[in-house]
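Below is one structure, written out as structure tokens; the observations come after it.
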Amino acid sequence: MLKNWPIIQMLKIQYKKLDADCFNAHSLDSFVRHQTVTECWRKADNKWVLVPDPFTENWTLEQCRAIAEDIEQHMNRDHTGFGAFDDGRIVGFASVSHSIFGETTNYVELVCLQVSEEYRHQGIGRKLFAMICEEARRLGADKLYISGHSSKESQAAYHALGCKHAEEINKILAEKEPFDVQLEYIL
């Protein structure tokens with residue numbers, strides 16, 4: 001008699017460059033951007049410390065559509081995006097800006113990197129990040145610049161990918177999201 005062993009689902013994720021054939025304003029309709037945050041990193045007395053900051057981030061359908069429309073507007077014009085698809089449904093996406101900036105190095109910005117909640121911790125974000133890095137190299141960048149969410153979990157994910165605090169701060173991005181942590185990744 002067989003015991004009740006858990007069934008392990010083998011994911012058959014397909015990775016594609018985002019274009020009009022695979023991405024549109026409704027592509028994120030079933031995307032789950034949910035995160036319960038308890039602590040965030042803040043700079044105090046010139047040191048990074050974890051502080052309590054409980055909240056839940058949960059994108060609405062309207063937010064998903066606004067983000068999809070923004071990606072659609074920029075894709076293959078001034079951004080390049082990649083998606084992870086499970087049976088035609090987008091379960092992860094990332095995009096990089098084509099604009100090179102920086103005074104001492106050639107940076108390009110990681111505009112977004114998201115994995116739908118139920119698909120996290122399966123290597124999808126790592127694969128999308130690698131694709132973005134390859135595109136950033138192709139664009140002529142030396143480093144990837146990330147204005148990253150300050151939650152403990154988000155920062156742990158970026159540091160696991162090899163990101164570190166940015167040597168050069170993009171003031172426009174830092175002012176746009178003052179609680180983000182400014183990071184870089186050497187390509």
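Within each chain, counting starts at residue 1; across the structure tokens, chains are named A, B, ... in the order shown, with ligands numbered 1 upward in that order.
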
### Message
Would you pick out the contacts of A:His149 at 8 Å or less, using only C-alpha atoms, so that residues sharing its chain but fewer than 2 positions from it are not included, and give the list as a ChimeraX atom specification?
### Response
/A:147,151,154-155,179-181

### Task
Can you list, as number ranges by chain, all residues belonging to stretch 42-146 of chain A that DSSP tags as strand (DSSP E)?
A: 42-44, 47-58, 79-86, 89-97, 107-115, 143-146

Counting only C-alpha atoms, which residues of stretch 49-112 of chain A fall within 6 Å of stretch 122-146 of chain A, and what is the closest atom pair for each with its distance in Å at one decimal, ordered by chain and rising number, as JSON lines?
{"residue": "A:Asn106", "atom": "CA", "partner": "A:Ala141", "partner_atom": "CA", "distance": 4.9}
{"residue": "A:Tyr107", "atom": "CA", "partner": "A:Lys143", "partner_atom": "CA", "distance": 4.9}
{"residue": "A:Val108", "atom": "CA", "partner": "A:Leu144", "partner_atom": "CA", "distance": 5.3}
{"residue": "A:Glu109", "atom": "CA", "partner": "A:Tyr145", "partner_atom": "CA", "distance": 4.6}
{"residue": "A:Leu110", "atom": "CA", "partner": "A:Ile146", "partner_atom": "CA", "distance": 5.4}

### From A:Met75, A:Leu61, A:Ala174, A:Leu187, residue lying nearest A:His98 [only C-alpha atoms]
A:Met75

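Counting only C-alpha atoms, A:Glu69 has the following residues at most 9 Å away, ignoring those fewer than 5 positions along the same chain: Asn24, Ala25, His26, Cys64 and His74 of chain A.
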
### Long-range neighbours of A:Gln114 as a count of residues only, 9 Å cut-off, only C-alpha atoms, 5 positions minimum in chain
6

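Of note, atom CA of A:Thr105 and atom CA of A:Lys171 are spaced 15.0 Å apart.
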
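In terms of minimum interatomic distance to A:Ala160, A:His121 ranks closest within A:Ser30, A:Leu50, A:His121, A:Arg89, counting only C-alpha atoms.
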
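Take the candidates A:Ile90, A:Leu173, A:Cys163, A:Val111 and check each one against A:Asp78 using only C-alpha atoms; the shortest distance goes to A:Val111.
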
#### Entry: Residues near A:Pro54, cut-off 8 Å, only C-alpha atoms, skip fewer than 2 positions along chain, as a PyMOL selection string
chain A and resi 36-39+52+56

Write the residues of the preceding selection, restricted to C-alpha atoms, as a compact mmCIF listing (two decimals), in the first residue's frame.
# COMPACT_ATOMS: atom_id res chain seq x y z
CA THR A 36 3.52 40.47 3.93
CA VAL A 37 6.28 42.67 5.29
CA THR A 38 7.25 42.84 8.95
CA GLU A 39 10.63 44.57 8.82
CA PRO A 52 9.58 47.12 12.31
CA THR A 56 0.94 43.98 3.21

Pick out each residue of stretch 13-161 of chain A that DSSP on the backbone tags as helix (DSSP H, G or I); I need them as an mmCIF file with C-alpha atoms, in the first residue's frame.
data_model
loop_
_atom_site.group_PDB
_atom_site.id
_atom_site.type_symbol
_atom_site.label_atom_id
_atom_site.label_comp_id
_atom_site.auth_asym_id
_atom_site.auth_seq_id
_atom_site.Cartn_x
_atom_site.Cartn_y
_atom_site.Cartn_z
ATOM 1 C CA LEU A 61 -6.298 44.042 -10.836
ATOM 2 C CA GLU A 62 -6.111 47.743 -11.734
ATOM 3 C CA GLN A 63 -2.496 47.943 -10.518
ATOM 4 C CA CYS A 64 -1.597 44.803 -12.464
ATOM 5 C CA ARG A 65 -3.101 46.285 -15.613
ATOM 6 C CA ALA A 66 -1.361 49.648 -15.114
ATOM 7 C CA ILE A 67 1.989 47.877 -14.716
ATOM 8 C CA ALA A 68 1.298 45.682 -17.751
ATOM 9 C CA GLU A 69 0.409 48.757 -19.808
ATOM 10 C CA ASP A 70 3.627 50.461 -18.709
ATOM 11 C CA ILE A 71 5.696 47.401 -19.668
ATOM 12 C CA GLU A 72 3.844 47.158 -22.980
ATOM 13 C CA GLN A 73 4.501 50.840 -23.711
ATOM 14 C CA HIS A 74 8.255 50.512 -23.058
ATOM 15 C CA GLU A 117 3.649 34.502 -5.167
ATOM 16 C CA GLU A 118 2.884 30.829 -5.774
ATOM 17 C CA TYR A 119 5.963 30.459 -8.049
ATOM 18 C CA ILE A 124 12.453 31.683 -11.691
ATOM 19 C CA GLY A 125 13.674 35.037 -10.355
ATOM 20 C CA ARG A 126 17.299 33.885 -10.587
ATOM 21 C CA LYS A 127 16.842 32.848 -14.244
ATOM 22 C CA LEU A 128 15.105 36.133 -15.140
ATOM 23 C CA PHE A 129 17.877 38.065 -13.370
ATOM 24 C CA ALA A 130 20.512 36.184 -15.413
ATOM 25 C CA MET A 131 18.651 37.053 -18.631
ATOM 26 C CA ILE A 132 18.513 40.724 -17.602
ATOM 27 C CA CYS A 133 22.244 40.703 -16.836
ATOM 28 C CA GLU A 134 23.027 39.285 -20.271
ATOM 29 C CA GLU A 135 20.897 41.998 -21.886
ATOM 30 C CA ALA A 136 22.606 44.682 -19.756
ATOM 31 C CA ARG A 137 26.010 43.463 -20.994
ATOM 32 C CA ARG A 138 24.729 43.572 -24.564
ATOM 33 C CA LYS A 152 13.956 42.163 4.729
ATOM 34 C CA GLU A 153 12.829 39.471 2.268
ATOM 35 C CA SER A 154 13.403 41.537 -0.896
ATOM 36 C CA GLN A 155 16.850 42.609 0.237
ATOM 37 C CA ALA A 156 17.747 39.011 1.151
ATOM 38 C CA ALA A 157 16.755 37.935 -2.377
ATOM 39 C CA TYR A 158 18.887 40.640 -4.021
ATOM 40 C CA HIS A 159 21.881 39.859 -1.816
ATOM 41 C CA ALA A 160 21.501 36.127 -2.618
#

### Task
Using atom CA of A:Gly81 and atom CA of A:Asn170 as the two end points, give the distance in Å to one decimal.
21.5 Å
